[in-house]
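Enquirer: Input file: model-v6.cif. Contents: mmCIF, N, CA and C atoms.
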```cif
data_work
loop_
_atom_site.label_atom_id
_atom_site.label_comp_id
_atom_site.auth_asym_id
_atom_site.auth_seq_id
_atom_site.Cartn_x
_atom_site.Cartn_y
_atom_site.Cartn_z
N MET A 1 102.80 5.02 -103.45
CA MET A 1 101.73 4.80 -104.40
C MET A 1 100.57 5.72 -104.02
N LYS A 2 100.04 6.38 -105.00
CA LYS A 2 98.97 7.33 -104.74
C LYS A 2 97.61 6.64 -104.74
N LYS A 3 96.58 7.39 -104.37
CA LYS A 3 95.24 6.85 -104.12
C LYS A 3 94.66 6.11 -105.33
N PHE A 4 94.64 6.71 -106.48
CA PHE A 4 94.02 6.08 -107.65
C PHE A 4 94.84 4.88 -108.13
N SER A 5 96.16 4.95 -108.01
CA SER A 5 97.01 3.82 -108.39
C SER A 5 96.78 2.64 -107.46
N LEU A 6 96.58 2.91 -106.18
CA LEU A 6 96.33 1.84 -105.22
C LEU A 6 94.98 1.16 -105.51
N ILE A 7 93.96 1.94 -105.79
CA ILE A 7 92.65 1.38 -106.14
C ILE A 7 92.77 0.57 -107.43
N PHE A 8 93.56 1.06 -108.38
CA PHE A 8 93.80 0.34 -109.64
C PHE A 8 94.41 -1.02 -109.35
N LEU A 9 95.39 -1.08 -108.47
CA LEU A 9 96.04 -2.34 -108.10
C LEU A 9 95.04 -3.28 -107.42
N ILE A 10 94.28 -2.78 -106.48
CA ILE A 10 93.33 -3.60 -105.73
C ILE A 10 92.22 -4.12 -106.64
N SER A 11 91.87 -3.38 -107.67
CA SER A 11 90.79 -3.81 -108.56
C SER A 11 91.11 -5.12 -109.28
N PHE A 12 92.37 -5.51 -109.36
CA PHE A 12 92.74 -6.75 -110.03
C PHE A 12 92.47 -7.98 -109.18
N LEU A 13 92.22 -7.80 -107.89
CA LEU A 13 91.90 -8.94 -107.04
C LEU A 13 90.57 -9.57 -107.44
N ILE A 14 89.67 -8.80 -108.01
CA ILE A 14 88.38 -9.34 -108.42
C ILE A 14 88.54 -10.32 -109.58
N TYR A 15 89.62 -10.23 -110.36
CA TYR A 15 89.85 -11.18 -111.44
C TYR A 15 89.95 -12.60 -110.88
N ILE A 16 90.64 -12.73 -109.75
CA ILE A 16 90.82 -14.03 -109.13
C ILE A 16 89.46 -14.60 -108.71
N LEU A 17 88.66 -13.78 -108.05
CA LEU A 17 87.33 -14.24 -107.63
C LEU A 17 86.45 -14.57 -108.83
N ALA A 18 86.52 -13.76 -109.87
CA ALA A 18 85.66 -13.96 -111.03
C ALA A 18 85.97 -15.28 -111.74
N ILE A 19 87.23 -15.63 -111.82
CA ILE A 19 87.59 -16.87 -112.50
C ILE A 19 87.03 -18.08 -111.76
N PHE A 20 87.05 -18.04 -110.44
CA PHE A 20 86.53 -19.17 -109.68
C PHE A 20 85.01 -19.15 -109.57
N ALA A 21 84.37 -18.03 -109.85
CA ALA A 21 82.91 -17.94 -109.79
C ALA A 21 82.25 -18.25 -111.12
N VAL A 22 83.01 -18.36 -112.20
CA VAL A 22 82.45 -18.58 -113.53
C VAL A 22 81.54 -19.80 -113.60
N PRO A 23 81.88 -20.95 -113.02
CA PRO A 23 80.97 -22.10 -113.14
C PRO A 23 79.60 -21.88 -112.48
N TYR A 24 79.50 -20.90 -111.60
CA TYR A 24 78.26 -20.70 -110.86
C TYR A 24 77.53 -19.42 -111.28
N MET A 25 77.89 -18.82 -112.39
CA MET A 25 77.36 -17.52 -112.76
C MET A 25 75.84 -17.48 -112.91
N THR A 26 75.22 -18.54 -113.29
CA THR A 26 73.77 -18.51 -113.44
C THR A 26 73.04 -19.13 -112.26
N ALA A 27 73.76 -19.68 -111.31
CA ALA A 27 73.11 -20.44 -110.25
C ALA A 27 73.10 -19.76 -108.90
N ARG A 28 74.01 -18.88 -108.62
CA ARG A 28 74.15 -18.34 -107.28
C ARG A 28 74.19 -16.81 -107.31
N ILE A 29 73.60 -16.22 -106.29
CA ILE A 29 73.57 -14.76 -106.21
C ILE A 29 74.97 -14.20 -105.97
N TRP A 30 75.81 -14.92 -105.20
CA TRP A 30 77.15 -14.40 -104.95
C TRP A 30 77.97 -14.34 -106.23
N ALA A 31 77.73 -15.28 -107.13
CA ALA A 31 78.44 -15.26 -108.40
C ALA A 31 78.00 -14.06 -109.24
N ASP A 32 76.72 -13.71 -109.15
CA ASP A 32 76.24 -12.53 -109.87
C ASP A 32 76.83 -11.25 -109.28
N VAL A 33 77.00 -11.23 -107.98
CA VAL A 33 77.64 -10.08 -107.34
C VAL A 33 79.11 -9.99 -107.77
N ILE A 34 79.78 -11.13 -107.83
CA ILE A 34 81.18 -11.15 -108.30
C ILE A 34 81.25 -10.66 -109.74
N ALA A 35 80.30 -11.08 -110.58
CA ALA A 35 80.29 -10.63 -111.97
C ALA A 35 80.10 -9.11 -112.05
N LEU A 36 79.22 -8.58 -111.23
CA LEU A 36 79.01 -7.13 -111.20
C LEU A 36 80.28 -6.41 -110.74
N LEU A 37 80.92 -6.93 -109.71
CA LEU A 37 82.18 -6.33 -109.24
C LEU A 37 83.26 -6.42 -110.31
N PHE A 38 83.29 -7.52 -111.05
CA PHE A 38 84.26 -7.68 -112.13
C PHE A 38 84.03 -6.62 -113.20
N ILE A 39 82.79 -6.41 -113.59
CA ILE A 39 82.47 -5.39 -114.60
C ILE A 39 82.85 -4.00 -114.09
N LEU A 40 82.54 -3.71 -112.83
CA LEU A 40 82.91 -2.42 -112.25
C LEU A 40 84.42 -2.24 -112.19
N ALA A 41 85.14 -3.30 -111.84
CA ALA A 41 86.60 -3.23 -111.79
C ALA A 41 87.18 -2.97 -113.18
N CYS A 42 86.65 -3.64 -114.19
CA CYS A 42 87.13 -3.42 -115.57
C CYS A 42 86.85 -1.98 -116.02
N CYS A 43 85.68 -1.46 -115.66
CA CYS A 43 85.35 -0.08 -116.01
C CYS A 43 86.29 0.89 -115.30
N TYR A 44 86.57 0.64 -114.01
CA TYR A 44 87.49 1.51 -113.29
C TYR A 44 88.88 1.45 -113.90
N GLN A 45 89.34 0.26 -114.29
CA GLN A 45 90.67 0.14 -114.87
C GLN A 45 90.76 0.92 -116.19
N LEU A 46 89.74 0.84 -116.99
CA LEU A 46 89.71 1.62 -118.23
C LEU A 46 89.68 3.11 -117.93
N LEU A 47 88.87 3.51 -116.97
CA LEU A 47 88.79 4.91 -116.55
C LEU A 47 90.14 5.40 -116.02
N TYR A 48 90.83 4.53 -115.27
CA TYR A 48 92.14 4.90 -114.74
C TYR A 48 93.13 5.10 -115.88
N ILE A 49 93.17 4.17 -116.82
CA ILE A 49 94.14 4.26 -117.91
C ILE A 49 93.90 5.51 -118.75
N ILE A 50 92.64 5.89 -118.93
CA ILE A 50 92.33 7.03 -119.79
C ILE A 50 92.44 8.36 -119.04
N PHE A 51 91.83 8.46 -117.83
CA PHE A 51 91.73 9.75 -117.16
C PHE A 51 92.46 9.85 -115.82
N LEU A 52 92.24 8.93 -114.92
CA LEU A 52 92.71 9.08 -113.54
C LEU A 52 94.22 8.99 -113.38
N ARG A 53 94.90 8.39 -114.35
CA ARG A 53 96.36 8.29 -114.27
C ARG A 53 97.01 9.66 -114.25
N LYS A 54 96.36 10.64 -114.86
CA LYS A 54 96.92 12.00 -114.91
C LYS A 54 96.99 12.62 -113.52
N ARG A 55 96.03 12.30 -112.66
CA ARG A 55 96.03 12.83 -111.29
C ARG A 55 97.15 12.23 -110.45
N ASP A 56 97.60 11.02 -110.82
CA ASP A 56 98.71 10.39 -110.11
C ASP A 56 100.04 10.62 -110.82
N SER A 57 100.04 11.43 -111.86
CA SER A 57 101.24 11.74 -112.65
C SER A 57 101.86 10.47 -113.25
N VAL A 58 101.03 9.65 -113.85
CA VAL A 58 101.48 8.42 -114.50
C VAL A 58 101.24 8.57 -116.00
N SER A 59 102.23 8.22 -116.79
CA SER A 59 102.09 8.33 -118.24
C SER A 59 101.18 7.22 -118.78
N LEU A 60 100.70 7.41 -120.00
CA LEU A 60 99.83 6.43 -120.62
C LEU A 60 100.55 5.09 -120.79
N GLY A 61 101.78 5.13 -121.26
CA GLY A 61 102.55 3.90 -121.44
C GLY A 61 102.77 3.17 -120.13
N ARG A 62 103.07 3.92 -119.09
CA ARG A 62 103.29 3.31 -117.77
C ARG A 62 102.00 2.70 -117.23
N SER A 63 100.86 3.37 -117.43
CA SER A 63 99.61 2.82 -116.92
C SER A 63 99.22 1.55 -117.68
N ILE A 64 99.47 1.50 -118.96
CA ILE A 64 99.17 0.29 -119.73
C ILE A 64 100.11 -0.84 -119.34
N SER A 65 101.38 -0.52 -119.14
CA SER A 65 102.32 -1.56 -118.73
C SER A 65 102.00 -2.07 -117.32
N ARG A 66 101.54 -1.20 -116.44
CA ARG A 66 101.10 -1.65 -115.11
C ARG A 66 99.88 -2.53 -115.21
N TYR A 67 98.98 -2.21 -116.14
CA TYR A 67 97.81 -3.05 -116.34
C TYR A 67 98.22 -4.49 -116.63
N PHE A 68 99.14 -4.66 -117.57
CA PHE A 68 99.58 -6.01 -117.91
C PHE A 68 100.38 -6.65 -116.78
N LEU A 69 101.15 -5.86 -116.04
CA LEU A 69 101.88 -6.40 -114.90
C LEU A 69 100.91 -6.95 -113.86
N TYR A 70 99.89 -6.20 -113.52
CA TYR A 70 98.91 -6.65 -112.53
C TYR A 70 98.07 -7.80 -113.07
N LEU A 71 97.74 -7.75 -114.35
CA LEU A 71 96.96 -8.83 -114.96
C LEU A 71 97.74 -10.14 -114.92
N PHE A 72 99.01 -10.10 -115.29
CA PHE A 72 99.82 -11.31 -115.26
C PHE A 72 100.03 -11.80 -113.82
N SER A 73 100.11 -10.89 -112.87
CA SER A 73 100.23 -11.29 -111.46
C SER A 73 98.96 -12.01 -111.01
N ALA A 74 97.80 -11.53 -111.45
CA ALA A 74 96.54 -12.19 -111.11
C ALA A 74 96.47 -13.57 -111.76
N VAL A 75 96.96 -13.69 -112.99
CA VAL A 75 96.96 -14.99 -113.68
C VAL A 75 97.84 -15.98 -112.93
N ILE A 76 99.02 -15.56 -112.51
CA ILE A 76 99.91 -16.45 -111.77
C ILE A 76 99.26 -16.87 -110.45
N THR A 77 98.58 -15.95 -109.80
CA THR A 77 97.90 -16.27 -108.54
C THR A 77 96.81 -17.33 -108.77
N VAL A 78 96.03 -17.18 -109.83
CA VAL A 78 94.99 -18.16 -110.14
C VAL A 78 95.61 -19.53 -110.41
N ILE A 79 96.70 -19.56 -111.15
CA ILE A 79 97.36 -20.84 -111.46
C ILE A 79 97.88 -21.49 -110.19
N LEU A 80 98.49 -20.72 -109.31
CA LEU A 80 98.98 -21.27 -108.04
C LEU A 80 97.85 -21.80 -107.18
N ILE A 81 96.73 -21.09 -107.14
CA ILE A 81 95.57 -21.56 -106.38
C ILE A 81 95.03 -22.86 -106.98
N TYR A 82 94.98 -22.94 -108.30
CA TYR A 82 94.49 -24.14 -108.97
C TYR A 82 95.38 -25.34 -108.65
N TYR A 83 96.69 -25.17 -108.77
CA TYR A 83 97.60 -26.28 -108.47
C TYR A 83 97.58 -26.63 -106.98
N GLY A 84 97.43 -25.64 -106.12
CA GLY A 84 97.30 -25.91 -104.69
C GLY A 84 96.04 -26.70 -104.39
N ASN A 85 94.95 -26.38 -105.08
CA ASN A 85 93.71 -27.13 -104.92
C ASN A 85 93.89 -28.57 -105.37
N ASN A 86 94.56 -28.78 -106.50
CA ASN A 86 94.84 -30.15 -106.95
C ASN A 86 95.70 -30.89 -105.94
N PHE A 87 96.68 -30.22 -105.39
CA PHE A 87 97.59 -30.83 -104.43
C PHE A 87 96.83 -31.29 -103.18
N ILE A 88 95.94 -30.45 -102.67
CA ILE A 88 95.25 -30.75 -101.42
C ILE A 88 94.02 -31.62 -101.64
N ASN A 89 93.17 -31.25 -102.59
CA ASN A 89 91.90 -31.95 -102.80
C ASN A 89 91.97 -33.09 -103.80
N GLY A 90 93.08 -33.21 -104.49
CA GLY A 90 93.25 -34.31 -105.43
C GLY A 90 92.82 -33.96 -106.84
N PHE A 91 93.17 -34.86 -107.74
CA PHE A 91 92.86 -34.71 -109.17
C PHE A 91 92.48 -36.07 -109.73
N THR A 92 91.40 -36.10 -110.49
CA THR A 92 90.98 -37.33 -111.16
C THR A 92 91.24 -37.18 -112.65
N PRO A 93 92.11 -37.99 -113.21
CA PRO A 93 92.38 -37.89 -114.66
C PRO A 93 91.12 -38.18 -115.47
N THR A 94 90.90 -37.38 -116.51
CA THR A 94 89.74 -37.56 -117.39
C THR A 94 90.20 -37.50 -118.84
N ASN A 95 89.35 -38.02 -119.72
CA ASN A 95 89.65 -37.93 -121.14
C ASN A 95 89.09 -36.61 -121.68
N PHE A 96 89.13 -36.45 -122.99
CA PHE A 96 88.68 -35.22 -123.62
C PHE A 96 87.20 -34.93 -123.36
N PHE A 97 86.41 -35.98 -123.19
CA PHE A 97 84.97 -35.83 -123.00
C PHE A 97 84.57 -35.74 -121.53
N GLY A 98 85.54 -35.74 -120.61
CA GLY A 98 85.25 -35.59 -119.19
C GLY A 98 84.98 -36.88 -118.46
N GLN A 99 85.19 -38.01 -119.11
CA GLN A 99 84.99 -39.30 -118.46
C GLN A 99 86.25 -39.67 -117.67
N GLU A 100 86.04 -40.15 -116.45
CA GLU A 100 87.17 -40.52 -115.60
C GLU A 100 87.91 -41.71 -116.21
N ILE A 101 89.24 -41.60 -116.24
CA ILE A 101 90.05 -42.69 -116.80
C ILE A 101 91.05 -43.22 -115.77
N GLY A 102 90.92 -42.80 -114.55
CA GLY A 102 91.83 -43.26 -113.51
C GLY A 102 91.30 -42.90 -112.14
N GLU A 103 92.05 -43.30 -111.14
CA GLU A 103 91.66 -43.02 -109.77
C GLU A 103 92.15 -41.63 -109.36
N LYS A 104 91.52 -41.09 -108.33
CA LYS A 104 91.90 -39.78 -107.81
C LYS A 104 93.27 -39.87 -107.16
N VAL A 105 94.13 -38.91 -107.49
CA VAL A 105 95.49 -38.87 -106.92
C VAL A 105 95.66 -37.55 -106.17
N TYR A 106 96.57 -37.54 -105.22
CA TYR A 106 96.79 -36.39 -104.36
C TYR A 106 98.26 -36.00 -104.37
N GLY A 107 98.54 -34.81 -103.86
CA GLY A 107 99.91 -34.35 -103.70
C GLY A 107 100.57 -33.98 -105.02
N PHE A 108 101.88 -34.18 -105.05
CA PHE A 108 102.64 -33.82 -106.25
C PHE A 108 102.24 -34.66 -107.46
N GLU A 109 101.79 -35.87 -107.20
CA GLU A 109 101.34 -36.72 -108.30
C GLU A 109 100.12 -36.10 -109.00
N ALA A 110 99.24 -35.49 -108.22
CA ALA A 110 98.07 -34.83 -108.79
C ALA A 110 98.47 -33.64 -109.65
N VAL A 111 99.45 -32.90 -109.19
CA VAL A 111 99.92 -31.74 -109.96
C VAL A 111 100.57 -32.19 -111.26
N ILE A 112 101.33 -33.25 -111.20
CA ILE A 112 102.04 -33.75 -112.39
C ILE A 112 101.08 -34.35 -113.41
N LYS A 113 100.05 -35.05 -112.94
CA LYS A 113 99.14 -35.74 -113.86
C LYS A 113 98.11 -34.84 -114.53
N ASP A 114 97.98 -33.60 -114.10
CA ASP A 114 97.01 -32.69 -114.72
C ASP A 114 97.61 -32.08 -115.98
N GLU A 115 97.67 -32.88 -117.02
CA GLU A 115 98.36 -32.49 -118.26
C GLU A 115 97.63 -31.40 -119.03
N TRP A 116 96.30 -31.37 -118.95
CA TRP A 116 95.55 -30.32 -119.66
C TRP A 116 95.86 -28.95 -119.08
N ALA A 117 96.01 -28.88 -117.78
CA ALA A 117 96.35 -27.60 -117.16
C ALA A 117 97.74 -27.15 -117.56
N HIS A 118 98.65 -28.11 -117.72
CA HIS A 118 100.02 -27.76 -118.11
C HIS A 118 100.08 -27.10 -119.48
N LEU A 119 99.16 -27.49 -120.36
CA LEU A 119 99.14 -26.91 -121.71
C LEU A 119 98.93 -25.40 -121.67
N PHE A 120 98.16 -24.94 -120.68
CA PHE A 120 97.88 -23.51 -120.57
C PHE A 120 98.74 -22.84 -119.50
N ALA A 121 98.93 -23.51 -118.39
CA ALA A 121 99.59 -22.88 -117.25
C ALA A 121 101.07 -22.62 -117.49
N ILE A 122 101.78 -23.57 -118.02
CA ILE A 122 103.23 -23.40 -118.18
C ILE A 122 103.56 -22.25 -119.14
N PRO A 123 102.92 -22.16 -120.32
CA PRO A 123 103.21 -21.00 -121.18
C PRO A 123 102.80 -19.68 -120.53
N LEU A 124 101.66 -19.65 -119.83
CA LEU A 124 101.22 -18.42 -119.18
C LEU A 124 102.18 -17.99 -118.08
N VAL A 125 102.66 -18.93 -117.30
CA VAL A 125 103.62 -18.60 -116.24
C VAL A 125 104.92 -18.10 -116.86
N PHE A 126 105.38 -18.74 -117.92
CA PHE A 126 106.60 -18.31 -118.59
C PHE A 126 106.46 -16.89 -119.14
N ILE A 127 105.35 -16.63 -119.84
CA ILE A 127 105.11 -15.29 -120.40
C ILE A 127 104.98 -14.26 -119.28
N SER A 128 104.31 -14.62 -118.21
CA SER A 128 104.12 -13.71 -117.08
C SER A 128 105.44 -13.34 -116.43
N PHE A 129 106.26 -14.33 -116.14
CA PHE A 129 107.56 -14.04 -115.53
C PHE A 129 108.46 -13.25 -116.47
N LEU A 130 108.43 -13.57 -117.74
CA LEU A 130 109.23 -12.83 -118.71
C LEU A 130 108.80 -11.37 -118.76
N TYR A 131 107.49 -11.12 -118.79
CA TYR A 131 106.99 -9.75 -118.81
C TYR A 131 107.37 -9.01 -117.53
N GLN A 132 107.24 -9.67 -116.39
CA GLN A 132 107.57 -9.02 -115.13
C GLN A 132 109.05 -8.66 -115.05
N ILE A 133 109.90 -9.54 -115.53
CA ILE A 133 111.34 -9.24 -115.53
C ILE A 133 111.63 -8.06 -116.45
N ILE A 134 111.05 -8.06 -117.65
CA ILE A 134 111.26 -6.96 -118.59
C ILE A 134 110.74 -5.66 -118.00
N TYR A 135 109.56 -5.70 -117.36
CA TYR A 135 108.98 -4.51 -116.75
C TYR A 135 109.92 -3.92 -115.70
N TYR A 136 110.40 -4.75 -114.79
CA TYR A 136 111.25 -4.24 -113.73
C TYR A 136 112.60 -3.75 -114.24
N ILE A 137 113.17 -4.42 -115.24
CA ILE A 137 114.44 -3.96 -115.81
C ILE A 137 114.24 -2.61 -116.50
N PHE A 138 113.19 -2.50 -117.31
CA PHE A 138 112.95 -1.27 -118.06
C PHE A 138 112.69 -0.09 -117.13
N TYR A 139 111.82 -0.25 -116.15
CA TYR A 139 111.49 0.87 -115.28
C TYR A 139 112.56 1.14 -114.23
N ARG A 140 113.40 0.17 -113.93
CA ARG A 140 114.55 0.41 -113.05
C ARG A 140 115.54 1.31 -113.78
N LYS A 141 115.80 1.02 -115.05
CA LYS A 141 116.71 1.85 -115.84
C LYS A 141 116.14 3.25 -116.01
N GLN A 142 114.82 3.34 -116.24
CA GLN A 142 114.20 4.65 -116.42
C GLN A 142 114.24 5.44 -115.11
N LYS A 143 114.09 4.78 -114.00
CA LYS A 143 114.14 5.45 -112.69
C LYS A 143 115.54 5.95 -112.40
N ASN A 144 116.55 5.15 -112.75
CA ASN A 144 117.94 5.56 -112.53
C ASN A 144 118.32 6.75 -113.41
N LYS A 145 117.75 6.85 -114.62
CA LYS A 145 118.04 7.98 -115.50
C LYS A 145 117.47 9.28 -114.94
N SER A 146 116.31 9.19 -114.28
CA SER A 146 115.66 10.39 -113.76
C SER A 146 116.30 10.91 -112.49
N ILE A 147 117.10 10.08 -111.82
CA ILE A 147 117.75 10.51 -110.57
C ILE A 147 118.97 11.29 -110.83
#
```
Reformat the file's structure so that it appears as structure tokens.

Expert:
Amino acid sequence: MKKFSLIFLISFLIYILAIFAVPYMTARIWADVIALLFILACCYQLLYIIFLRKRDSVSLGRSISRYFLYLFSAVITVILIYYGNNFINGFTPTNFFGQEIGEKVYGFEAVIKDEWAHLFAIPLVFISFLYQIIYYIFYRKQKNKSI
């Protein structure tokens, strides 16, 4: 992996930090720094897709497909961190308005009872894994043709 491609890959790590800093964006200086880093990372990713990919000999289609591959990997990482947090720190069931409707549960029971997260997480994980499988199959075939 060449220099600009490696920086492009590393720039997606800020997505994970930004998602967890969103609740504190107006209250803490570190959240503002994370927001600035997120904006800079997005600008670099756009700059890479448009200009810097040429220096690493990467086609436009490949750079866009890598963007989605790395984006989906960051999404899966956030989901795993969220479920791990529920597993360790517990989950309190709430209704639509945020009122507690049960006692705090821990472990696998906490992961199972977080039904609102399942509405978003399960489809995102499915789409992410499907895209990653398609990406690796497509570029494996393309790599074998070039050899």

Enquirer: Report, in Å to a single decimal, how far apart atom CA of Phe8 of chain A and atom N of Gln45 of chain A are.

Expert: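 Computed distance, atom N of Gln45 of chain A to atom CA of Phe8 of chain A, equals 6.4 Å.
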
Enquirer: Where in chain A does DSSP assign helix (DSSP H, G or I), given as number ranges by chain?

Expert: A: 3-10, 13-24, 29-50, 52-54, 60-89, 108-113, 115-146

Enquirer: Using the chain letters and numbers from the file, give me the residues hit by the PyMOL selection byres (((chain A and resi 7 and name CA) around 12) and name CA), as a list in words.

Expert: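 So the PyMOL selection byres (((chain A and resi 7 and name CA) around 12) and name CA) ends up selecting Met1, Lys2, Lys3, Phe4, Ser5, Leu6, Phe8, Leu9, Ile10, Ser11, Phe12, Leu13, Ile14, Ala41, Cys42, Tyr44, Gln45, Leu47, Tyr48, Leu52, Arg53 and Asp56 of chain A.
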
Enquirer: Determine the residue set returned by the PyMOL selection byres ((chain A and resi 69-74) around 8) for the present structure, and present it as a ChimeraX atom specification.

Expert: /A:8-9,12-13,15-16,63-68,75-80,124,127-129,131-132,135

Enquirer: Considering only C-alpha atoms, can you say which of A:Ile122, A:Leu46, A:Val111, A:Arg62 comes closest to Asn89 of chain A?

Expert: A:Val111

Enquirer: Could you jot down the atom CA of Gly90 of chain A to atom N of Glu109 of chain A separation for me, Å, one decimal place?

Expert: 8.9 Å

Enquirer: When you draw a straight line from atom CA of Pro93 of chain A to atom CA of Phe126 of chain A, how long is it in Å?

Expert: 24.5 Å

Enquirer: When the PyMOL selection byres ((chain A and resi 35-37) around 8) is applied to the file above, which residues end up in the set, as a PyMOL selection string?

Expert: chain A and resi 14-15+17-18+21-22+25+29-34+38-43

Enquirer: Enumerate as a list in words all residues of segment 51-135 of chain A assigned to strand (DSSP E or B) by DSSP on the backbone, naming them with the chain letters and numbers the document uses.

Expert: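 Of segment 51-135 of chain A, the ones in strand (DSSP E or B) are Phe91, Thr94, Glu100 and Val105 of chain A.
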
Enquirer: Find the smallest box with edges along x, y and z containing every listed atom of segment 139-145 of chain A, then add 5 Å on each side and report centre and edge lengths in Å to one decimal, as JSON.

Expert:
```
{"center_x": 114.9, "center_y": 4.5, "center_z": -114.4, "size_x": 16.8, "size_y": 19.5, "size_z": 14.0}
```

Enquirer: Please supply segment 121-128 of chain A, rebuilt with all heavy atoms, as an mmCIF file, in the coordinates of the input.

Expert:
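Resulting contents of selection.cif:
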```
data_model
loop_
_atom_site.group_PDB
_atom_site.id
_atom_site.type_symbol
_atom_site.label_atom_id
_atom_site.label_comp_id
_atom_site.auth_asym_id
_atom_site.auth_seq_id
_atom_site.Cartn_x
_atom_site.Cartn_y
_atom_site.Cartn_z
ATOM 1 N N ALA A 121 98.930 -23.510 -118.390
ATOM 2 C CA ALA A 121 99.590 -22.880 -117.250
ATOM 3 C C ALA A 121 101.070 -22.620 -117.490
ATOM 4 O O ALA A 121 101.557 -21.523 -117.176
ATOM 5 C CB ALA A 121 99.411 -23.744 -115.995
ATOM 6 N N ILE A 122 101.780 -23.570 -118.020
ATOM 7 C CA ILE A 122 103.230 -23.400 -118.180
ATOM 8 C C ILE A 122 103.560 -22.250 -119.140
ATOM 9 O O ILE A 122 104.385 -21.396 -118.813
ATOM 10 C CB ILE A 122 103.889 -24.732 -118.588
ATOM 11 C CG1 ILE A 122 103.819 -25.696 -117.396
ATOM 12 C CG2 ILE A 122 105.333 -24.520 -119.033
ATOM 13 C CD1 ILE A 122 104.278 -27.093 -117.685
ATOM 14 N N PRO A 123 102.920 -22.160 -120.320
ATOM 15 C CA PRO A 123 103.210 -21.000 -121.180
ATOM 16 C C PRO A 123 102.800 -19.680 -120.530
ATOM 17 O O PRO A 123 103.508 -18.682 -120.660
ATOM 18 C CB PRO A 123 102.400 -21.268 -122.438
ATOM 19 C CG PRO A 123 102.165 -22.722 -122.464
ATOM 20 C CD PRO A 123 102.095 -23.148 -121.040
ATOM 21 N N LEU A 124 101.660 -19.650 -119.830
ATOM 22 C CA LEU A 124 101.220 -18.420 -119.180
ATOM 23 C C LEU A 124 102.180 -17.990 -118.080
ATOM 24 O O LEU A 124 102.498 -16.801 -117.951
ATOM 25 C CB LEU A 124 99.817 -18.577 -118.609
ATOM 26 C CG LEU A 124 98.678 -18.433 -119.598
ATOM 27 C CD1 LEU A 124 97.348 -18.763 -118.945
ATOM 28 C CD2 LEU A 124 98.642 -17.028 -120.162
ATOM 29 N N VAL A 125 102.660 -18.930 -117.300
ATOM 30 C CA VAL A 125 103.620 -18.600 -116.240
ATOM 31 C C VAL A 125 104.920 -18.100 -116.860
ATOM 32 O O VAL A 125 105.504 -17.108 -116.385
ATOM 33 C CB VAL A 125 103.864 -19.817 -115.321
ATOM 34 C CG1 VAL A 125 105.061 -19.607 -114.420
ATOM 35 C CG2 VAL A 125 102.616 -20.099 -114.488
ATOM 36 N N PHE A 126 105.380 -18.740 -117.920
ATOM 37 C CA PHE A 126 106.600 -18.310 -118.590
ATOM 38 C C PHE A 126 106.460 -16.890 -119.140
ATOM 39 O O PHE A 126 107.321 -16.028 -118.920
ATOM 40 C CB PHE A 126 106.959 -19.283 -119.717
ATOM 41 C CG PHE A 126 108.176 -18.886 -120.485
ATOM 42 C CD1 PHE A 126 109.438 -19.016 -119.940
ATOM 43 C CD2 PHE A 126 108.064 -18.347 -121.763
ATOM 44 C CE1 PHE A 126 110.572 -18.631 -120.641
ATOM 45 C CE2 PHE A 126 109.174 -17.960 -122.479
ATOM 46 C CZ PHE A 126 110.436 -18.102 -121.914
ATOM 47 N N ILE A 127 105.350 -16.630 -119.840
ATOM 48 C CA ILE A 127 105.110 -15.290 -120.400
ATOM 49 C C ILE A 127 104.980 -14.260 -119.280
ATOM 50 O O ILE A 127 105.510 -13.151 -119.372
ATOM 51 C CB ILE A 127 103.856 -15.298 -121.294
ATOM 52 C CG1 ILE A 127 104.126 -16.097 -122.562
ATOM 53 C CG2 ILE A 127 103.418 -13.885 -121.649
ATOM 54 C CD1 ILE A 127 102.884 -16.414 -123.363
ATOM 55 N N SER A 128 104.310 -14.620 -118.210
ATOM 56 C CA SER A 128 104.120 -13.710 -117.080
ATOM 57 C C SER A 128 105.440 -13.340 -116.430
ATOM 58 O O SER A 128 105.718 -12.155 -116.190
ATOM 59 C CB SER A 128 103.199 -14.328 -116.030
ATOM 60 O OG SER A 128 101.941 -14.589 -116.562
#
```
